[in-house]
Amino acid sequence: MANDNSATSRTITQQLKQVLDQGSIAALATLIHSSEHVGAKLLVEHSGNTYGSLGSEALEHAVTEYAANFLESREPTRAFNVAEFAPELTAWLDAKIMFERIEPEPRIVICGAGHVGASLAHLAALLGYRVTLIDNRVVFLTRGSHPDESIALVLTTDWTESVLTALAGGQGV
């Protein structure tokens, strides 16, 4: 049994990474209160693909259907009694499922590292954005000016290519 749980955890972890790498979203459903299978997880991708198991096909089907509503709500996390979204599952009415929204951190690409761009980059980093700061002037792209290592600095000679690369997920150096 431990091997099955370990394999399921690996699969969910791998899929979580893939969801984030692809810039997609998913809902991670965890059974947090029940007479059995507490801690079981089901990852529901925005596409409807699922990974993991909650120990009941009927419960998994109901959770998969409800995950779309949860993702639309844009809530980061919320716990529901099964009775709230699947009252027909009488064997699971007292169970509680926690839904967590899985999505990549927001990102911002700033063109121009002058005083306005630099200030915007620092503010965005403080607010939790993944920041890429692009400029064609090396004097504006130093770690002395931008000591926050989370701000990616991109020196460019081709603005279009640099912006497209940053938007595609490659941040620069």
# chains A, B, ... in the order shown; residues from 1 in each chain; ligands from 1
$ residues_around --residues "range 128-140 of chain A" --least-positions-apart "4" --cutoff "12 Å" --atoms "only C-alpha atoms" --output "PDB file with C-alpha atoms, in the first residue's frame"
ATOM      1  CA  PRO A 104       1.971  29.585 -12.172  1.00  0.00           C
ATOM      2  CA  GLU A 105       2.944  32.742 -10.415  1.00  0.00           C
ATOM      3  CA  PRO A 106       1.903  35.860 -12.298  1.00  0.00           C
ATOM      4  CA  ARG A 107       4.599  37.368 -14.450  1.00  0.00           C
ATOM      5  CA  ILE A 108       5.376  40.715 -15.943  1.00  0.00           C
ATOM      6  CA  VAL A 109       7.773  41.654 -18.726  1.00  0.00           C
ATOM      7  CA  ILE A 110       9.019  45.236 -18.552  1.00  0.00           C
ATOM      8  CA  CYS A 111      10.656  46.881 -21.551  1.00  0.00           C
ATOM      9  CA  GLY A 112      13.032  49.595 -20.477  1.00  0.00           C
ATOM     10  CA  ALA A 113      15.096  49.598 -17.281  1.00  0.00           C
ATOM     11  CA  GLY A 114      15.213  53.352 -16.742  1.00  0.00           C
ATOM     12  CA  HIS A 115      13.897  54.847 -13.502  1.00  0.00           C
ATOM     13  CA  VAL A 116      10.234  54.046 -14.274  1.00  0.00           C
ATOM     14  CA  GLY A 117      10.897  50.479 -15.483  1.00  0.00           C
ATOM     15  CA  ALA A 118      13.273  49.806 -12.580  1.00  0.00           C
ATOM     16  CA  SER A 119      10.738  51.036 -10.022  1.00  0.00           C
ATOM     17  CA  LEU A 120       7.976  48.986 -11.627  1.00  0.00           C
ATOM     18  CA  ALA A 121      10.203  45.887 -11.622  1.00  0.00           C
ATOM     19  CA  HIS A 122      11.001  46.236  -7.912  1.00  0.00           C
ATOM     20  CA  LEU A 123       7.354  46.856  -7.017  1.00  0.00           C
ATOM     21  CA  ALA A 124       6.195  43.867  -9.096  1.00  0.00           C
ATOM     22  CA  GLY A 144      24.025  46.749  -8.363  1.00  0.00           C
ATOM     23  CA  SER A 145      20.906  48.498  -9.650  1.00  0.00           C
ATOM     24  CA  HIS A 146      18.709  45.400  -9.288  1.00  0.00           C
ATOM     25  CA  ASP A 148      16.822  41.218  -6.214  1.00  0.00           C
ATOM     26  CA  GLU A 149      17.868  37.937  -7.886  1.00  0.00           C
ATOM     27  CA  SER A 150      14.225  37.166  -8.671  1.00  0.00           C
ATOM     28  CA  ILE A 151      14.246  39.922 -11.294  1.00  0.00           C
ATOM     29  CA  ALA A 152      15.551  38.458 -14.551  1.00  0.00           C
ATOM     30  CA  LEU A 153      17.716  40.932 -16.439  1.00  0.00           C
ATOM     31  CA  VAL A 154      17.805  40.668 -20.227  1.00  0.00           C
ATOM     32  CA  LEU A 155      20.257  42.699 -22.292  1.00  0.00           C
ATOM     33  CA  THR A 156      18.960  42.826 -25.836  1.00  0.00           C
ATOM     34  CA  THR A 157      19.786  43.913 -29.330  1.00  0.00           C
ATOM     35  CA  ASP A 158      16.525  42.437 -30.638  1.00  0.00           C
ATOM     36  CA  TRP A 159      13.564  43.688 -28.607  1.00  0.00           C
ATOM     37  CA  THR A 160      10.995  41.550 -30.393  1.00  0.00           C
ATOM     38  CA  GLU A 161      12.907  38.318 -29.841  1.00  0.00           C
ATOM     39  CA  SER A 162      13.632  39.151 -26.193  1.00  0.00           C
ATOM     40  CA  VAL A 163       9.999  39.960 -25.427  1.00  0.00           C
ATOM     41  CA  LEU A 164       8.748  36.829 -27.184  1.00  0.00           C
ATOM     42  CA  THR A 165      11.277  34.674 -25.301  1.00  0.00           C
ATOM     43  CA  ALA A 166      10.293  36.249 -21.974  1.00  0.00           C
ATOM     44  CA  LEU A 167       6.581  35.782 -22.661  1.00  0.00           C
ATOM     45  CA  ALA A 168       7.160  32.147 -23.612  1.00  0.00           C
ATOM     46  CA  GLY A 169       8.658  31.525 -20.176  1.00  0.00           C
ATOM     47  CA  GLY A 170      12.370  31.957 -20.820  1.00  0.00           C
ATOM     48  CA  GLN A 171      13.422  34.782 -18.558  1.00  0.00           C
ATOM     49  CA  GLY A 172      16.973  35.592 -19.434  1.00  0.00           C
ATOM     50  CA  VAL A 173      20.010  35.848 -17.240  1.00  0.00           C
TER      51      VAL A 173
END
$ select_by_dssp --residues "chain A" --states "strand (DSSP E or B)" --output "PyMOL selection string"
chain A and resi 26-33+41-45+50-53+77-81+96-102+107-111+130-135+151-155
$ closest_residue --among "A:Ala95, A:Ala79, A:Ala67, A:Ile12" --to "Ser53 in chain A" --atoms "only C-alpha atoms"
A:Ile12
$ residues_around --residues "Ala62 in chain A" --least-positions-apart "3" --cutoff "9 Å" --atoms "only C-alpha atoms" --output "list of chain:residue names"
A:Glu57, A:Ala58, A:Leu59, A:Glu65, A:Tyr66, A:Ala67, A:Val82, A:Phe85, A:Ala86, A:Leu89
$ closest_residue --among "A:Arg143, A:His61, A:His37, A:Arg101" --to "Ser24 in chain A" --atoms "only C-alpha atoms"
A:Arg101
$ select_by_dssp --residues "range 1-122 of chain A" --states "helix (DSSP H, G or I)" --output "PDB file with C-alpha atoms, in the first residue's frame"
ATOM      1  CA  ALA A   2       2.820   2.440   0.806  1.00  0.00           C
ATOM      2  CA  ASN A   3       4.307   1.823  -2.641  1.00  0.00           C
ATOM      3  CA  ASP A   4       0.988   2.705  -4.302  1.00  0.00           C
ATOM      4  CA  ASN A   5       0.763   5.943  -2.302  1.00  0.00           C
ATOM      5  CA  SER A   6       4.358   6.774  -3.137  1.00  0.00           C
ATOM      6  CA  ALA A   7       3.774   6.155  -6.850  1.00  0.00           C
ATOM      7  CA  THR A   8       0.605   8.258  -6.773  1.00  0.00           C
ATOM      8  CA  SER A   9       2.462  11.084  -5.021  1.00  0.00           C
ATOM      9  CA  ARG A  10       5.210  10.968  -7.647  1.00  0.00           C
ATOM     10  CA  THR A  11       2.665  11.040 -10.457  1.00  0.00           C
ATOM     11  CA  ILE A  12       0.779  13.986  -8.940  1.00  0.00           C
ATOM     12  CA  THR A  13       4.037  15.837  -8.267  1.00  0.00           C
ATOM     13  CA  GLN A  14       5.184  15.270 -11.851  1.00  0.00           C
ATOM     14  CA  GLN A  15       1.847  16.468 -13.200  1.00  0.00           C
ATOM     15  CA  LEU A  16       1.876  19.520 -10.916  1.00  0.00           C
ATOM     16  CA  LYS A  17       5.258  20.454 -12.355  1.00  0.00           C
ATOM     17  CA  GLN A  18       3.971  19.926 -15.885  1.00  0.00           C
ATOM     18  CA  VAL A  19       0.894  22.104 -15.239  1.00  0.00           C
ATOM     19  CA  LEU A  20       3.120  24.905 -13.948  1.00  0.00           C
ATOM     20  CA  ASP A  21       5.693  24.497 -16.724  1.00  0.00           C
ATOM     21  CA  GLU A  57     -14.805   6.315  -8.542  1.00  0.00           C
ATOM     22  CA  ALA A  58     -18.095   8.083  -7.805  1.00  0.00           C
ATOM     23  CA  LEU A  59     -16.379  10.624  -5.546  1.00  0.00           C
ATOM     24  CA  GLU A  60     -13.649  11.205  -8.119  1.00  0.00           C
ATOM     25  CA  HIS A  61     -16.254  11.821 -10.821  1.00  0.00           C
ATOM     26  CA  ALA A  62     -18.104  14.357  -8.637  1.00  0.00           C
ATOM     27  CA  VAL A  63     -14.867  16.106  -7.651  1.00  0.00           C
ATOM     28  CA  THR A  64     -13.726  16.250 -11.281  1.00  0.00           C
ATOM     29  CA  GLU A  65     -17.012  17.857 -12.317  1.00  0.00           C
ATOM     30  CA  TYR A  66     -16.930  20.344  -9.433  1.00  0.00           C
ATOM     31  CA  ALA A  67     -13.282  21.267 -10.036  1.00  0.00           C
ATOM     32  CA  ALA A  68     -14.303  23.324 -13.091  1.00  0.00           C
ATOM     33  CA  ASN A  69     -16.595  25.452 -10.893  1.00  0.00           C
ATOM     34  CA  PHE A  70     -13.879  25.840  -8.301  1.00  0.00           C
ATOM     35  CA  LEU A  71     -11.351  26.987 -10.915  1.00  0.00           C
ATOM     36  CA  GLU A  72     -13.853  29.508 -12.308  1.00  0.00           C
ATOM     37  CA  SER A  73     -14.248  30.980  -8.811  1.00  0.00           C
ATOM     38  CA  VAL A  82     -19.233  16.628  -0.268  1.00  0.00           C
ATOM     39  CA  ALA A  83     -22.919  17.306   0.446  1.00  0.00           C
ATOM     40  CA  GLU A  84     -22.424  20.837  -0.946  1.00  0.00           C
ATOM     41  CA  PHE A  85     -21.502  19.723  -4.449  1.00  0.00           C
ATOM     42  CA  THR A  90     -24.911   9.554   0.412  1.00  0.00           C
ATOM     43  CA  ALA A  91     -21.941   7.443   1.544  1.00  0.00           C
ATOM     44  CA  TRP A  92     -19.694  10.528   1.379  1.00  0.00           C
ATOM     45  CA  HIS A 115      13.897  54.847 -13.502  1.00  0.00           C
ATOM     46  CA  VAL A 116      10.234  54.046 -14.274  1.00  0.00           C
ATOM     47  CA  GLY A 117      10.897  50.479 -15.483  1.00  0.00           C
ATOM     48  CA  ALA A 118      13.273  49.806 -12.580  1.00  0.00           C
ATOM     49  CA  SER A 119      10.738  51.036 -10.022  1.00  0.00           C
ATOM     50  CA  LEU A 120       7.976  48.986 -11.627  1.00  0.00           C
ATOM     51  CA  ALA A 121      10.203  45.887 -11.622  1.00  0.00           C
ATOM     52  CA  HIS A 122      11.001  46.236  -7.912  1.00  0.00           C
TER      53      HIS A 122
END
$ closest_residue --among "A:Leu93, A:Leu54, A:Leu126, A:Leu141" --to "Gly39 in chain A" --atoms "only C-alpha atoms"
A:Leu54
$ residues_around --residues "Thr77 in chain A" --least-positions-apart "2" --cutoff "7 Å" --atoms "only C-alpha atoms" --output "list in words"
Glu75, Phe99, Glu100 and Arg101 of chain A
$ residues_around --residues "Lys41 in chain A" --least-positions-apart "5" --cutoff "7 Å" --atoms "only C-alpha atoms" --output "list in words"
Leu28, Ala29, Thr30, Leu31, Gly52, Ser53 and Leu54 of chain A
$ write_last_selection --atoms "N, CA and C atoms" --output "tab-separated table (two decimals), in the first residue's frame"
chain	number	residue	atom	x	y	z
A	28	LEU	N	-6.20	20.86	-7.14
A	28	LEU	CA	-5.75	19.72	-6.37
A	28	LEU	C	-6.78	19.49	-5.27
A	29	ALA	N	-7.44	18.34	-5.33
A	29	ALA	CA	-8.46	17.99	-4.35
A	29	ALA	C	-7.87	16.99	-3.36
A	30	THR	N	-8.00	17.31	-2.07
A	30	THR	CA	-7.48	16.44	-1.01
A	30	THR	C	-8.62	16.08	-0.07
A	31	LEU	N	-8.77	14.80	0.20
A	31	LEU	CA	-9.78	14.33	1.14
A	31	LEU	C	-9.26	14.62	2.55
A	52	GLY	N	-4.11	10.64	-9.78
A	52	GLY	CA	-4.29	10.31	-8.38
A	52	GLY	C	-5.61	9.59	-8.16
A	53	SER	N	-6.00	9.46	-6.89
A	53	SER	CA	-7.23	8.75	-6.56
A	53	SER	C	-7.73	9.18	-5.19
A	54	LEU	N	-9.04	9.26	-5.06
A	54	LEU	CA	-9.66	9.54	-3.76
A	54	LEU	C	-10.23	8.27	-3.13
$ closest_residue --among "A:Thr142, A:Glu45, A:Ala40, A:Leu127" --to "Ile102 in chain A" --atoms "only C-alpha atoms"
A:Glu45
